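Participant: Dropping in model34.tsv, which is TSV, C-alpha atoms:
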```tsv
chain	number	residue	atom	x	y	z
A	1	MET	CA	19.84	-24.75	20.55
A	2	SER	CA	17.98	-21.54	21.45
A	3	SER	CA	14.53	-20.63	20.25
A	4	PRO	CA	13.44	-17.14	19.13
A	5	HIS	CA	11.79	-16.79	22.55
A	6	ASP	CA	15.24	-17.01	24.21
A	7	GLU	CA	16.60	-14.14	22.11
A	8	ARG	CA	16.02	-10.41	22.32
A	9	MET	CA	13.32	-9.50	19.82
A	10	VAL	CA	13.30	-6.25	17.82
A	11	VAL	CA	10.11	-4.74	16.39
A	12	VAL	CA	10.41	-4.27	12.60
A	13	ALA	CA	6.78	-3.86	11.47
A	14	GLN	CA	3.14	-3.58	12.46
A	15	PHE	CA	0.06	-5.37	11.20
A	16	ALA	CA	-1.91	-2.41	9.82
A	17	GLY	CA	-5.28	-4.00	9.01
A	18	SER	CA	-7.02	-6.43	6.71
A	19	HIS	CA	-7.61	-5.71	3.03
A	20	GLY	CA	-10.23	-7.37	0.85
A	21	VAL	CA	-11.91	-10.75	1.20
A	22	ARG	CA	-9.00	-13.15	0.53
A	23	GLY	CA	-6.89	-12.56	3.61
A	24	ALA	CA	-4.56	-9.87	2.29
A	25	PHE	CA	-3.52	-7.21	4.78
A	26	LYS	CA	-1.51	-4.03	5.16
A	27	LEU	CA	1.89	-4.13	6.82
A	28	ARG	CA	3.70	-1.01	8.07
A	29	SER	CA	7.48	-1.43	7.89
A	30	PHE	CA	9.66	0.27	10.50
A	31	THR	CA	12.96	-0.67	8.86
A	32	ASP	CA	15.30	1.96	7.41
A	33	ASP	CA	14.82	0.38	3.98
A	34	PRO	CA	11.08	-0.46	4.10
A	35	GLU	CA	11.52	-3.44	1.73
A	36	ALA	CA	14.04	-5.03	4.12
A	37	VAL	CA	11.19	-6.27	6.32
A	38	PHE	CA	10.59	-9.00	3.72
A	39	SER	CA	14.14	-10.32	3.97
A	40	TYR	CA	13.76	-11.54	7.57
A	41	GLY	CA	11.39	-14.41	6.82
A	42	CYS	CA	9.00	-15.21	9.62
A	43	LEU	CA	8.03	-12.36	11.93
A	44	ALA	CA	6.45	-12.92	15.35
A	45	THR	CA	3.88	-11.16	17.51
A	46	LYS	CA	4.62	-10.35	21.15
A	47	ASP	CA	3.02	-13.66	22.17
A	48	GLY	CA	5.04	-15.61	19.58
A	49	LYS	CA	2.39	-16.05	16.90
A	50	PRO	CA	4.22	-16.39	13.54
A	51	LEU	CA	3.57	-14.33	10.42
A	52	THR	CA	5.48	-14.88	7.18
A	53	PRO	CA	4.82	-11.87	4.91
A	54	LYS	CA	4.88	-12.04	1.12
A	55	ARG	CA	4.97	-8.63	-0.55
A	56	LEU	CA	2.27	-7.88	-3.12
A	57	ARG	CA	2.75	-4.14	-3.62
A	58	GLU	CA	3.52	-0.90	-1.85
A	59	VAL	CA	0.37	1.14	-1.13
A	60	LYS	CA	2.16	4.17	0.30
A	61	PRO	CA	5.65	4.81	1.67
A	62	SER	CA	6.52	2.08	4.20
A	63	VAL	CA	3.08	0.44	3.93
A	64	PHE	CA	2.66	-2.71	1.85
A	65	LEU	CA	-0.19	-4.91	0.75
A	66	VAL	CA	0.84	-8.39	1.89
A	67	GLU	CA	-0.25	-12.02	2.05
A	68	ALA	CA	0.93	-14.65	4.54
A	69	VAL	CA	0.60	-18.44	4.72
A	70	GLU	CA	-0.81	-18.04	8.25
A	71	ILE	CA	-3.76	-15.93	6.99
A	72	ALA	CA	-6.37	-17.28	4.59
A	73	SER	CA	-9.34	-15.01	5.33
A	74	PRO	CA	-10.26	-11.60	6.75
A	75	GLU	CA	-11.33	-13.41	9.93
A	76	ASP	CA	-7.77	-14.76	10.34
A	77	CYS	CA	-6.57	-11.13	10.30
A	78	ASP	CA	-8.43	-10.43	13.55
A	79	ALA	CA	-5.83	-12.38	15.54
A	80	TYR	CA	-3.11	-9.98	14.29
A	81	LYS	CA	-5.01	-6.67	14.43
A	82	GLY	CA	-2.56	-3.89	15.38
A	83	ALA	CA	0.16	-6.37	16.38
A	84	LEU	CA	3.77	-5.26	16.48
A	85	LEU	CA	5.90	-7.77	14.58
A	86	SER	CA	9.43	-8.68	15.63
A	87	VAL	CA	12.48	-10.67	14.62
A	88	PRO	CA	15.37	-11.89	16.77
A	89	ARG	CA	18.11	-9.24	17.04
A	90	THR	CA	20.51	-11.78	15.50
A	91	ALA	CA	18.45	-11.75	12.26
A	92	LEU	CA	19.31	-8.10	11.64
A	93	PRO	CA	22.45	-7.26	9.68
A	94	GLN	CA	25.38	-5.79	11.57
A	95	PRO	CA	25.72	-2.01	11.16
A	96	ASP	CA	28.19	-1.04	8.40
A	97	ASP	CA	30.01	1.67	10.32
A	98	GLU	CA	31.32	1.64	13.89
A	99	ASP	CA	29.32	4.84	14.53
A	100	ASP	CA	26.10	3.10	13.42
A	101	PHE	CA	23.98	1.09	15.82
A	102	TYR	CA	20.45	-0.11	16.38
A	103	ILE	CA	18.44	1.90	18.89
A	104	ASP	CA	17.57	-1.39	20.59
A	105	ASP	CA	21.28	-1.97	21.30
A	106	LEU	CA	21.26	1.06	23.62
A	107	ILE	CA	18.66	-0.35	26.01
A	108	GLY	CA	20.31	-1.32	29.29
A	109	LEU	CA	23.58	0.56	28.70
A	110	ARG	CA	25.06	2.39	31.70
A	111	ALA	CA	24.96	6.19	31.47
A	112	VAL	CA	27.62	8.45	32.96
A	113	SER	CA	27.90	12.21	32.94
A	114	THR	CA	30.67	14.00	31.07
A	115	ALA	CA	32.23	14.42	34.54
A	116	GLY	CA	32.34	10.61	34.86
A	117	GLU	CA	29.59	10.31	37.49
A	118	ALA	CA	27.09	7.43	37.29
A	119	VAL	CA	23.70	8.66	36.07
A	120	GLY	CA	21.66	5.50	35.48
A	121	ARG	CA	20.77	3.11	32.67
A	122	VAL	CA	19.11	3.57	29.29
A	123	ARG	CA	15.50	2.52	29.68
A	124	ALA	CA	14.05	3.51	26.29
A	125	VAL	CA	14.61	5.67	23.20
A	126	PRO	CA	11.14	6.99	22.35
A	127	ASN	CA	10.16	9.36	19.57
A	128	TYR	CA	6.87	11.20	20.04
A	129	GLY	CA	7.15	13.05	16.74
A	130	ALA	CA	9.61	15.83	17.50
A	131	GLY	CA	12.77	13.72	17.46
A	132	ASP	CA	14.39	10.91	19.40
A	133	LEU	CA	14.66	11.15	23.16
A	134	ILE	CA	16.75	9.03	25.48
A	135	GLU	CA	15.08	7.91	28.71
A	136	LEU	CA	17.38	7.02	31.57
A	137	GLN	CA	16.35	5.20	34.71
A	138	THR	CA	18.10	6.90	37.61
A	139	ASP	CA	17.88	6.37	41.38
A	140	ASP	CA	15.63	9.45	41.47
A	141	GLY	CA	13.31	8.19	38.71
A	142	PRO	CA	13.25	8.67	34.95
A	143	LEU	CA	15.37	11.33	33.27
A	144	ILE	CA	14.59	12.23	29.66
A	145	LEU	CA	17.10	13.98	27.41
A	146	PRO	CA	17.03	14.88	23.73
A	147	PHE	CA	18.95	12.22	21.81
A	148	THR	CA	21.35	14.63	20.17
A	149	LYS	CA	25.14	14.77	19.89
A	150	ALA	CA	25.11	17.65	22.40
A	151	SER	CA	23.16	15.66	25.02
A	152	VAL	CA	24.73	12.27	24.26
A	153	PRO	CA	28.26	13.05	23.09
A	154	ALA	CA	29.60	9.48	23.28
A	155	ILE	CA	28.27	5.94	22.84
A	156	ASP	CA	30.56	2.98	23.44
A	157	LEU	CA	28.66	-0.23	22.76
A	158	GLY	CA	31.77	-2.33	23.41
A	159	SER	CA	32.01	-1.17	27.02
A	160	GLY	CA	28.23	-0.85	27.44
A	161	LEU	CA	28.41	2.84	28.22
A	162	ILE	CA	26.94	6.14	27.03
A	163	THR	CA	28.08	9.58	28.11
A	164	VAL	CA	25.43	12.23	28.70
A	165	GLU	CA	25.71	15.99	29.12
A	166	LEU	CA	23.58	17.01	32.08
A	167	LEU	CA	22.21	20.52	31.87
A	168	GLU	CA	21.94	22.89	34.79
A	169	GLY	CA	19.23	21.62	37.14
A	170	GLU	CA	19.58	17.97	36.08
A	171	GLU	CA	21.21	15.89	38.75
A	172	SER	CA	23.00	12.60	38.42
A	173	SER	CA	22.39	9.71	40.79
A	174	SER	CA	25.16	7.63	42.21
```
Could you render the structure as C-alpha coordinates?
Facilitator:
Amino acid sequence: MSSPHDERMVVVAQFAGSHGVRGAFKLRSFTDDPEAVFSYGCLATKDGKPLTPKRLREVKPSVFLVEAVEIASPEDCDAYKGALLSVPRTALPQPDDEDDFYIDDLIGLRAVSTAGEAVGRVRAVPNYGAGDLIELQTDDGPLILPFTKASVPAIDLGSGLITVELLEGEESSS
(Lines of atoms letter the chains of each structure in order from A and count residues from 1; the text may use other names and numbers.)
(Lines give C-alpha, C1' and ligand atoms only; values in the text may rest on other atoms or scores of the structure.)
Protein backbone atom coordinates (compact mmCIF):
# COMPACT_ATOMS: atom_id res chain seq x y z
CA MET A 1 0.00 0.00 0.00
CA SER A 2 1.35 3.45 -0.88
CA SER A 3 1.44 6.41 1.46
CA PRO A 4 0.63 10.01 0.49
CA HIS A 5 4.39 10.61 0.40
CA ASP A 6 4.70 8.12 -2.51
CA GLU A 7 2.11 10.00 -4.58
CA ARG A 8 2.34 13.26 -6.49
CA MET A 9 0.95 16.01 -4.29
CA VAL A 10 -1.07 18.97 -5.62
CA VAL A 11 -1.31 22.29 -3.76
CA VAL A 12 -4.97 23.19 -3.07
CA ALA A 13 -4.73 25.82 -0.32
CA GLN A 14 -2.50 27.97 1.85
CA PHE A 15 -2.47 28.59 5.58
CA ALA A 16 -3.18 32.33 5.65
CA GLY A 17 -2.64 33.18 9.33
CA SER A 18 -4.03 32.69 12.80
CA HIS A 19 -7.27 34.29 13.95
CA GLY A 20 -8.27 34.90 17.55
CA VAL A 21 -7.17 33.13 20.73
CA ARG A 22 -8.73 29.67 20.28
CA GLY A 23 -6.66 28.33 17.40
CA ALA A 24 -8.87 29.36 14.49
CA PHE A 25 -7.05 30.40 11.33
CA LYS A 26 -7.58 31.68 7.81
CA LEU A 27 -7.26 29.32 4.87
CA ARG A 28 -6.91 30.51 1.26
CA SER A 29 -8.42 28.01 -1.18
CA PHE A 30 -6.87 27.61 -4.63
CA THR A 31 -9.55 25.25 -5.94
CA ASP A 32 -11.88 26.24 -8.79
CA ASP A 33 -14.81 25.90 -6.40
CA PRO A 34 -13.30 27.38 -3.19
CA GLU A 35 -15.53 25.21 -0.96
CA ALA A 36 -14.14 22.04 -2.58
CA VAL A 37 -11.00 22.31 -0.45
CA PHE A 38 -13.07 20.97 2.48
CA SER A 39 -14.06 17.82 0.61
CA TYR A 40 -10.51 16.41 0.49
CA GLY A 41 -10.22 15.65 4.20
CA CYS A 42 -6.71 15.88 5.55
CA LEU A 43 -4.34 18.28 3.79
CA ALA A 44 -0.55 18.12 4.20
CA THR A 45 2.30 20.61 4.32
CA LYS A 46 5.38 20.14 2.15
CA ASP A 47 7.07 18.27 5.00
CA GLY A 48 4.02 16.02 5.53
CA LYS A 49 2.51 17.71 8.58
CA PRO A 50 -1.27 17.00 8.51
CA LEU A 51 -4.03 19.59 8.71
CA THR A 52 -7.72 18.64 8.68
CA PRO A 53 -9.73 21.83 8.05
CA LYS A 54 -13.28 22.36 9.30
CA ARG A 55 -15.02 25.32 7.69
CA LEU A 56 -16.47 27.96 10.01
CA ARG A 57 -17.29 30.74 7.54
CA GLU A 58 -16.08 32.54 4.45
CA VAL A 59 -14.36 35.85 5.28
CA LYS A 60 -13.83 36.94 1.68
CA PRO A 61 -13.85 35.16 -1.68
CA SER A 62 -11.69 32.03 -1.45
CA VAL A 63 -10.61 32.78 2.14
CA PHE A 64 -12.24 30.91 5.02
CA LEU A 65 -12.12 31.03 8.78
CA VAL A 66 -11.26 27.47 9.78
CA GLU A 67 -10.55 25.19 12.73
CA ALA A 68 -8.53 21.96 12.69
CA VAL A 69 -8.06 19.12 15.17
CA GLU A 70 -4.28 19.60 14.85
CA ILE A 71 -4.49 23.22 16.11
CA ALA A 72 -5.71 24.11 19.59
CA SER A 73 -4.05 27.50 20.14
CA PRO A 74 -2.56 30.48 18.29
CA GLU A 75 0.87 29.07 19.16
CA ASP A 76 0.02 25.86 17.26
CA CYS A 77 -0.62 28.04 14.19
CA ASP A 78 3.05 29.08 14.10
CA ALA A 79 4.04 25.65 12.76
CA TYR A 80 1.78 26.20 9.72
CA LYS A 81 2.44 29.90 9.05
CA GLY A 82 2.30 30.51 5.27
CA ALA A 83 2.37 26.78 4.48
CA LEU A 84 1.10 25.54 1.14
CA LEU A 85 -1.33 22.66 1.72
CA SER A 86 -1.58 19.70 -0.63
CA VAL A 87 -3.53 16.53 -1.33
CA PRO A 88 -2.52 13.49 -3.37
CA ARG A 89 -3.39 13.94 -7.06
CA THR A 90 -5.58 10.82 -6.78
CA ALA A 91 -7.84 12.65 -4.27
CA LEU A 92 -8.91 15.15 -6.92
CA PRO A 93 -11.91 14.36 -9.11
CA GLN A 94 -11.28 13.47 -12.73
CA PRO A 95 -11.98 16.34 -15.15
CA ASP A 96 -15.49 16.19 -16.67
CA ASP A 97 -14.49 16.92 -20.24
CA GLU A 98 -11.64 15.48 -22.31
CA ASP A 99 -10.47 19.05 -22.99
CA ASP A 100 -10.25 19.76 -19.24
CA PHE A 101 -7.15 18.95 -17.23
CA TYR A 102 -5.29 19.94 -14.11
CA ILE A 103 -2.32 22.24 -14.66
CA ASP A 104 -0.26 19.83 -12.56
CA ASP A 105 -0.93 17.07 -15.13
CA LEU A 106 1.10 19.06 -17.70
CA ILE A 107 4.33 19.01 -15.70
CA GLY A 108 6.83 16.67 -17.35
CA LEU A 109 5.01 16.37 -20.69
CA ARG A 110 7.17 16.41 -23.82
CA ALA A 111 6.81 19.51 -25.98
CA VAL A 112 7.13 19.48 -29.77
CA SER A 113 6.83 22.31 -32.25
CA THR A 114 3.99 22.46 -34.77
CA ALA A 115 6.63 21.24 -37.26
CA GLY A 116 7.07 18.10 -35.12
CA GLU A 117 10.54 18.97 -33.77
CA ALA A 118 11.40 18.19 -30.13
CA VAL A 119 11.43 21.35 -28.03
CA GLY A 120 11.77 20.15 -24.42
CA ARG A 121 9.59 19.28 -21.44
CA VAL A 122 7.03 21.24 -19.44
CA ARG A 123 8.75 22.44 -16.30
CA ALA A 124 6.08 24.70 -14.78
CA VAL A 125 2.89 26.65 -15.52
CA PRO A 126 3.29 29.88 -13.53
CA ASN A 127 0.95 32.84 -13.37
CA TYR A 128 2.49 36.12 -12.25
CA GLY A 129 -0.77 38.03 -12.53
CA ALA A 130 -1.09 38.67 -16.26
CA GLY A 131 -2.18 35.16 -17.26
CA ASP A 132 -0.82 31.64 -17.34
CA LEU A 133 2.57 30.98 -18.88
CA ILE A 134 4.08 27.65 -19.84
CA GLU A 135 7.74 27.14 -18.97
CA LEU A 136 9.61 24.57 -21.00
CA GLN A 137 13.00 23.13 -20.13
CA THR A 138 14.98 22.93 -23.35
CA ASP A 139 18.60 21.93 -24.06
CA ASP A 140 19.34 25.67 -24.33
CA GLY A 141 17.68 26.53 -21.00
CA PRO A 142 14.17 27.64 -20.06
CA LEU A 143 11.71 28.83 -22.69
CA ILE A 144 8.60 30.66 -21.53
CA LEU A 145 5.51 31.01 -23.72
CA PRO A 146 2.06 32.45 -23.05
CA PHE A 147 -0.29 29.58 -22.22
CA THR A 148 -2.81 30.40 -24.92
CA LYS A 149 -4.45 28.35 -27.68
CA ALA A 150 -2.24 30.19 -30.20
CA SER A 151 1.00 29.26 -28.40
CA VAL A 152 -0.11 25.81 -27.24
CA PRO A 153 -2.52 24.59 -29.92
CA ALA A 154 -2.66 20.94 -28.78
CA ILE A 155 -2.41 18.99 -25.52
CA ASP A 156 -2.54 15.20 -25.58
CA LEU A 157 -2.33 13.89 -22.03
CA GLY A 158 -2.75 10.30 -23.22
CA SER A 159 0.47 10.41 -25.24
CA GLY A 160 2.21 12.78 -22.82
CA LEU A 161 2.69 15.46 -25.44
CA ILE A 162 1.96 19.15 -26.00
CA THR A 163 2.39 21.01 -29.26
CA VAL A 164 3.77 24.55 -29.13
CA GLU A 165 3.88 27.28 -31.75
CA LEU A 166 7.36 28.78 -31.76
CA LEU A 167 7.49 32.39 -32.82
CA GLU A 168 10.19 33.89 -34.99
CA GLY A 169 13.41 34.02 -32.99
CA GLU A 170 12.49 31.12 -30.68
CA GLU A 171 14.47 28.03 -31.45
CA SER A 172 13.68 24.44 -30.65
CA SER A 173 16.25 22.07 -29.19
CA SER A 174 16.66 18.55 -30.39
Participant: Within 7 Å of Val152 in chain A, counting all atoms listed in the file, which residues show up once you throw out same-chain ones fewer than 6 positions away? Write them as a list of chain:residue names, please.
Facilitator: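 Counting all atoms listed in the file, the residues come to A:Thr163, A:Val164, A:Glu165.
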Participant: Compile the contact shell of Val122 in chain A as a list of chain:residue names: residues with an atom at most 10 Å away, counting all atoms listed in the file, same-chain residues fewer than 4 positions apart removed.
Facilitator: A:Asp105, A:Leu106, A:Ile107, A:Gly108, A:Leu109, A:Arg110, A:Ala111, A:Ile134, A:Glu135, A:Leu136, A:Gln137, A:Thr138, A:Pro142, A:Leu143, A:Ile144, A:Leu161, A:Ile162
Participant: So how many Å separate CA of Leu166 in chain A and CA of Pro95 in chain A, to one decimal?
Facilitator: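 Distance reported for this atom pair: 28.4 Å.
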Participant: Taking a cut-off of 8 Å and counting all atoms listed in the file, can you build a table that, for each residue of range 76-135 of chain A near range 43-51 of chain A, reports the nearest atom pair and how far apart they are in Å (one decimal), sorted by chain then residue number, as CSV?
Facilitator:
```
residue,atom,partner,partner_atom,distance
A:Tyr80,CA,A:Thr45,CA,7.8
A:Ala83,CA,A:Thr45,CA,6.2
A:Leu84,CA,A:Thr45,CA,6.0
A:Leu85,CA,A:Thr45,CA,4.9
A:Ser86,CA,A:Ala44,CA,5.2
A:Val87,CA,A:Leu43,CA,5.5
```
Participant: Quick one: residues within 8 Å of Ser29 in chain A, all atoms listed in the file, excluding same-chain residues fewer than 2 positions away - as a ChimeraX atom specification?
Facilitator: /A:12-14,27,31,34-35,37,62-64
Participant: List the spatial neighbours of Pro53 in chain A as a list in words - criterion: any atom at most 7 Å away, all atoms listed in the file, same-chain residues fewer than 4 positions off excluded.
Facilitator: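 Within the cut-off, the hits are Phe38, Val66, Glu67 and Ala68 of chain A.
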Participant: Take the residues from that selection and write them out as an mmCIF file, in the frame of the given file, keeping C-alpha atoms.
Facilitator:
```cif
data_model
loop_
_atom_site.group_PDB
_atom_site.id
_atom_site.type_symbol
_atom_site.label_atom_id
_atom_site.label_comp_id
_atom_site.auth_asym_id
_atom_site.auth_seq_id
_atom_site.Cartn_x
_atom_site.Cartn_y
_atom_site.Cartn_z
ATOM 1 C CA PHE A 38 10.590 -9.000 3.720
ATOM 2 C CA VAL A 66 0.840 -8.390 1.890
ATOM 3 C CA GLU A 67 -0.250 -12.020 2.050
ATOM 4 C CA ALA A 68 0.930 -14.650 4.540
#
```
Participant: Which one of A:Val112, A:Val125, A:Val119, A:Ala72 sits closest to Arg22 in chain A if you count all atoms listed in the file?
Facilitator: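 Looking at the shortest contact to Arg22 in chain A, the residue is A:Ala72.
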Participant: At what distance in Å, to one decimal, does CA of Glu98 in chain A lie from CA of Gly116 in chain A?
Facilitator: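 CA of Glu98 in chain A lies at a distance of 22.8 Å from CA of Gly116 in chain A.
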Participant: May I ask for the distance between CA of Ile155 in chain A and CA of Tyr128 in chain A, given in Å to one decimal place?
Facilitator: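 CA of Tyr128 in chain A lies 22.2 Å from CA of Ile155 in chain A.
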Participant: For Leu167 in chain A, which residue among A:Phe147, A:Asp132, A:Thr52, A:Ser113 is the nearest when counting all atoms listed in the file?
Facilitator: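 Looking only at the distances to Leu167 in chain A, the closest residue turns out to be A:Ser113.
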Participant: Which residues come within 9 Å of Glu75 in chain A, counting all atoms listed in the file, excluding same-chain residues fewer than 3 positions away, as a list in words?
Facilitator: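 Within the cut-off, the hits are Ser18, Gly23, Ile71, Ala72, Asp78 and Ala79 of chain A.
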Participant: Can you write just those residues out, C-alpha atoms, as a tab-separated table (two decimals), in the frame of the given file?
Facilitator:
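So out_23.tsv came out as:
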```tsv
chain	number	residue	atom	x	y	z
A	18	SER	CA	-7.02	-6.43	6.71
A	23	GLY	CA	-6.89	-12.56	3.61
A	71	ILE	CA	-3.76	-15.93	6.99
A	72	ALA	CA	-6.37	-17.28	4.59
A	78	ASP	CA	-8.43	-10.43	13.55
A	79	ALA	CA	-5.83	-12.38	15.54
```
Participant: Would you mind telling me which residue in A:Leu145, A:Ala16, A:Ala115, A:Ala91 lies nearest to Leu65 in chain A when using only C-alpha atoms?
Facilitator: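 Residue with the minimum atom-to-atom distance to Leu65 in chain A: A:Ala16.
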Participant: For each of A:Thr114, A:Ser151, A:His19, A:Gly160, take the minimum atom-to-atom distance to Val59 in chain A, counting only C-alpha atoms, then give the residue where this is smallest.
Facilitator: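 Of the candidates, the smallest distance to Val59 in chain A is held by A:His19.
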Participant: I need the residue nearest Asp139 in chain A from this list: A:Ala118, A:Gln94, A:Ser73, A:Arg89. Use all atoms listed in the file for the distance.
Facilitator: A:Ala118
